[in-house]
Amino acid sequence: MFNPPSRSAMLVKSLQRAVSAGMATAAPRIGDTKVAMSLLEKGAYINYQRIEDNLAVVKSRLNRPLTLSEKILYGHLDDPHGQDITRGVSYLKLRPDRVACQDATAQMAILQFMSAGMPTTAVPTTVHCDHLIEAQIGGAKDLARAIDINKEVYDFLATATAKYGMGFWRPGSGIIHQIILENYAFPGGLMIGTDSHTPNAGGLGMIACGVGGADAVDVMANIPWELKCPKVIGVNLTGKISGWTSPKDVILKVAGILTVKGGTGAIVEYTGPGVESLSCTGMGTICNMGAEIGATTSVFPFNSRMEDYLNATKRGEIAKYARSFAHNLKPDEGCEYDQVIDINLSELEPHINGPFTPDLATPISKFAEEAKKNNWPDEVKVALIGSCTNSSYEDMSRSASIAREASEHGLEVKSKFTITPGSEQVRATIERDGQIGAFEAVGGLVLANACGPCIGQWDRRDVKKGEANTIITSYNRNFTGRNDANPATHAFVASPDIVTAMAFAGSLSFNPLTDSLTGSDGKTFKFSDPSGNELPPRGYDPGQNTFQPPPEDRASVQVAVNPQSDRLQLLTPFEKWDGKTPTDLPVLIKVKGKCTTDHISAGGPWLKYRGHLQNISQNCLIGAINEANGEANKIQNQETGEWGPVPTVAAYYRDHGIKWVVVGDHNYGEGSSREHAALEPRFLGGLAIITRSFARIHETNLKKQGMLALTFVNPDDYEKIKPDDKVDILGLESFSPGKNLTLAVKHKDGSKEEIELAHSFNEGQIAWFKAGSALNLMAAHAKGN
């Protein structure tokens, strides 16, 4: 006779089966594997599990396929459940994996972090000494001179990084973006950097964004980073790159399509079968120069070329880990882009962009004709290769192949020719493998592993200021006066291959694809297609060890700041808003035309004051053109009637208790991410910058410093403002997101009118304004106020 089991026995057996089944089928979690973010940091691991978990939440909410950039960004959300996610509208709160600072911007970022009162950075952070080395006579001597001149700044950075647990790359290490690619970038990561070309790391599948120092301080202090949810522009690459066409030509072409503001508020995401024909460092080049179209950043999907580079830089574990996570390191099938650009690499010509702007793109087949038509100076005075954009082993070896071929025909360069290695590792490797010898044999000059002429750190003496001349570079940016402080220099941007070839011709109208040169034997020859190795066949030579890790015992470290220094100055908090309606504000300057951060806070010789707000504020807006007279750095003081330099008049207003406004044109603040362009107007007593439109980073930087960043609802209202107007800003007593303000304009003839102003402030940013700055609010929270 059958006796059925008791109910309790059945329940026990059911539970046992469930447990057994669970133990047998539980899938391993991606986070079960621990892979270090870099070989230079202890205890910091790649957090793919966060991305996996966040995306499970986000996908269930959005119920649509995601682009690659969305996967990485949303995978780093601070609150994936509650975060509003609408492209081009929402403000995302994100948790980046790391922060990187170059030496010029690191000074102010660290000074601000010190004011926040925290003992250690919340995420891995590095500082890179690359901006303060001036190119003069050659690498080693220029480096020694910079170390001597900038000793107190380097001492400050070395001690401050040691004190607060940051990695420090000493002078001579190389350019920040190349160092990041070699050591810290990884597929799927999120990084912010205090330099506009931080997107270089997109070549390794990382979302890397250029920001101001105040944003970096937020992340270093464990506060979520805020970013307006970007739109996504897809660039579909087909065909295969070959011949004289290089990865640089992809972004030169894209810049011509999108212009310097076409990428504003968007991430540029490269896709398609053509991606596989690009090297990892080539993809980095493309992402790097995406800053020139105003893009939030640019990124490539994880692929075999990234694996090759990771393995070559001794990060095989990261390559393996990324391969296991590849489903989230590429876009979902069927995802939608806000705009799509198609480029066939097989048909893409080499391009030359410029002068005076990086988006004036001309195919090389039409360039000689354009140069003649526009009367651009034909003689190439200087050809410069390298920089953070194009200084990889592949770039250098391809250029060296051109130099060797010219040398075989008995030629030396006709123009001056400079070479900037991107890092000590690249320099040591190309010295070992003979590329440096090939350059020097034809008359090339190897500069220090630093930014140099690319950012205006160039003691150029071959032409007088104001003398029209032509240079051609493999850099990324060529605004007026950018490289050599000479507004008459016509600077053109091209690939290292084209730049090197033109150094031998000495002529802007030379096309190496079709034109011939005459060798020392009197015979003509045409350059062969450039050739070179993507990665060094014998591996990288690390060169000199230039990295300083933070010490185990940091308590005894004293940060070096001399109270008498003219290079460094501890910060004093800005005053908070008094709660009153601002009235009778003079227009300090109505800026006419393009106004980049170079115009607002000049580089070059001013870089040495990046850690001293009072001193560097003497360059505030000195490059901006005053609509009143068509001149730079000459404005009228509305109180005294006298004309004087912009900083002098601004300081007069401040010292007499008068706040002021600036009126600007389209894309105000484009270019470099330098937050000094926001700090200086605030320090000198400014209240608002009112423009037709802003560049993304600069708008955020202004908000961080407690400035009002406002735009004309009707851009044509810019024309209604006169340089000698006074204005009231109405509506601040009810300042709130999405609610416009009113500009009450009082003209000198007694007439008045009201103009509607828009803003993009959210609640948190309004709190910055009321507190006087984001740092003020942060410090108050740290004190529990």
# chains A, B, ... in the order shown; residues from 1 in each chain; ligands from 1
>>> residues_around(residues="His747 (chain A)", least_positions_apart="6", cutoff="9 Å", atoms="only C-alpha atoms", output="list of chain:residue names")
A:Ile721, A:Lys722, A:Asp724, A:Asp725, A:Lys726, A:Val727, A:Glu753
>>> write_last_selection(atoms="N, CA and C atoms", output="PDB file, in the first residue's frame")
ATOM      1  N   ILE A 721      21.995  95.334 -28.241  1.00  0.00           N
ATOM      2  CA  ILE A 721      22.835  95.793 -27.135  1.00  0.00           C
ATOM      3  C   ILE A 721      23.944  96.702 -27.653  1.00  0.00           C
ATOM      4  N   LYS A 722      24.111  97.850 -26.990  1.00  0.00           N
ATOM      5  CA  LYS A 722      25.187  98.776 -27.326  1.00  0.00           C
ATOM      6  C   LYS A 722      26.303  98.646 -26.285  1.00  0.00           C
ATOM      7  N   ASP A 724      27.872 100.723 -24.666  1.00  0.00           N
ATOM      8  CA  ASP A 724      27.805 101.656 -23.537  1.00  0.00           C
ATOM      9  C   ASP A 724      26.467 101.570 -22.803  1.00  0.00           C
ATOM     10  N   ASP A 725      25.730 100.473 -22.986  1.00  0.00           N
ATOM     11  CA  ASP A 725      24.467 100.262 -22.277  1.00  0.00           C
ATOM     12  C   ASP A 725      24.702  99.922 -20.806  1.00  0.00           C
ATOM     13  N   LYS A 726      23.659 100.157 -19.998  1.00  0.00           N
ATOM     14  CA  LYS A 726      23.583  99.588 -18.660  1.00  0.00           C
ATOM     15  C   LYS A 726      22.326  98.730 -18.594  1.00  0.00           C
ATOM     16  N   VAL A 727      22.349  97.684 -17.778  1.00  0.00           N
ATOM     17  CA  VAL A 727      21.257  96.720 -17.793  1.00  0.00           C
ATOM     18  C   VAL A 727      20.849  96.320 -16.378  1.00  0.00           C
ATOM     19  N   GLU A 753      14.497  99.217 -23.358  1.00  0.00           N
ATOM     20  CA  GLU A 753      13.781  98.072 -23.930  1.00  0.00           C
ATOM     21  C   GLU A 753      14.062  96.837 -23.089  1.00  0.00           C
TER      22      GLU A 753
END
>>> select_by_dssp(residues="region 147-244 of chain A", states="alpha helix (DSSP H)", output="number ranges by chain")
A: 147-149, 151-164, 176-183, 213-220
>>> closest_residue(among="A:Asn476, A:Thr313, A:Thr271, A:Asn533", to="Leu68 (chain A)", atoms="only C-alpha atoms")
A:Thr271
>>> closest_atom_pairs(of="region 480-583 of chain A", to="region 684-693 of chain A", cutoff="12 Å", atoms="only C-alpha atoms", output="JSON lines")
{"residue": "A:Phe574", "atom": "CA", "partner": "A:Gly685", "partner_atom": "CA", "distance": 9.6}
{"residue": "A:Glu575", "atom": "CA", "partner": "A:Gly685", "partner_atom": "CA", "distance": 10.0}
{"residue": "A:Lys576", "atom": "CA", "partner": "A:Leu687", "partner_atom": "CA", "distance": 11.2}
{"residue": "A:Trp577", "atom": "CA", "partner": "A:Leu687", "partner_atom": "CA", "distance": 9.6}
{"residue": "A:Asp578", "atom": "CA", "partner": "A:Leu687", "partner_atom": "CA", "distance": 11.8}
{"residue": "A:Thr581", "atom": "CA", "partner": "A:Leu687", "partner_atom": "CA", "distance": 11.5}
{"residue": "A:Pro582", "atom": "CA", "partner": "A:Leu687", "partner_atom": "CA", "distance": 8.7}
{"residue": "A:Thr583", "atom": "CA", "partner": "A:Leu687", "partner_atom": "CA", "distance": 11.0}
>>> residues_around(residues="region 545-553 of chain A", least_positions_apart="5", cutoff="10 Å", atoms="only C-alpha atoms", output="VMD selection string")
chain A and resid 40 to 41 126 to 128 158 to 174 424 to 425
>>> residues_around(residues="region 678-683 of chain A", least_positions_apart="3", cutoff="8 Å", atoms="only C-alpha atoms", output="list of chain:residue names")
A:Phe574, A:Ser601, A:Leu613, A:Gln614, A:Ile616, A:Ser617, A:Cys620, A:Glu675, A:Gly686, A:Leu687, A:His698, A:Asn701, A:Leu702, A:Gln705, A:Gly706, A:Met707
>>> closest_residue(among="A:Glu440, A:Asp97, A:Asp521, A:Glu639", to="Ala36 (chain A)", atoms="only C-alpha atoms")
A:Asp97
>>> residues_around(residues="region 561-565 of chain A", least_positions_apart="2", cutoff="10 Å", atoms="only C-alpha atoms", output="ChimeraX atom specification")
/A:152-153,155-157,159-160,558-559,567-570,611-612
>>> closest_atom_pairs(of="region 58-140 of chain A", to="region 333-353 of chain A", cutoff="7 Å", atoms="only C-alpha atoms", output="JSON lines")
{"residue": "A:Pro65", "atom": "CA", "partner": "A:Cys335", "partner_atom": "CA", "distance": 4.7}
{"residue": "A:Leu66", "atom": "CA", "partner": "A:Cys335", "partner_atom": "CA", "distance": 5.3}
{"residue": "A:Thr67", "atom": "CA", "partner": "A:Cys335", "partner_atom": "CA", "distance": 5.6}
>>> select_by_dssp(residues="region 71-291 of chain A", states="strand (DSSP E)", output="JSON, numbers by chain")
{"A": [91, 92, 93, 94, 98, 99, 100, 101, 102, 125, 126, 127, 128, 167, 168, 169, 190, 191, 192, 193, 207, 208, 209, 210, 225, 226, 227, 228, 231, 232, 233, 234, 235, 236, 237, 238, 266, 267, 268, 269, 270, 271]}
>>> closest_residue(among="A:Thr238, A:Asn633, A:Gln638, A:Asn328", to="Ala56 (chain A)", atoms="only C-alpha atoms")
A:Asn328
>>> atom_distance(atom1="CA of Ile149 (chain A)", atom2="CA of Ala109 (chain A)")
21.3 Å
>>> atom_distance(atom1="CA of Cys287 (chain A)", atom2="CA of Arg305 (chain A)")
15.2 Å
>>> residues_around(residues="Lys314 (chain A)", least_positions_apart="6", cutoff="10 Å", atoms="only C-alpha atoms", output="list in words")
Ser38, Leu39, Glu182, Asn183, Gly539 and Tyr540 of chain A
>>> residues_around(residues="Val260 (chain A)", least_positions_apart="5", cutoff="12 Å", atoms="only C-alpha atoms", output="NGL selection string")
:A and (251-252 or 254-255 or 289-295 or 353-354 or 356-361 or 476-479 or 594 or 596 or 666-671 or 694-696)
>>> closest_residue(among="A:Val646, A:Ile402, A:Ala319, A:Cys451", to="Gly422 (chain A)", atoms="only C-alpha atoms")
A:Cys451
>>> atom_distance(atom1="CA of Val557 (chain A)", atom2="CA of Ile147 (chain A)")
21.3 Å
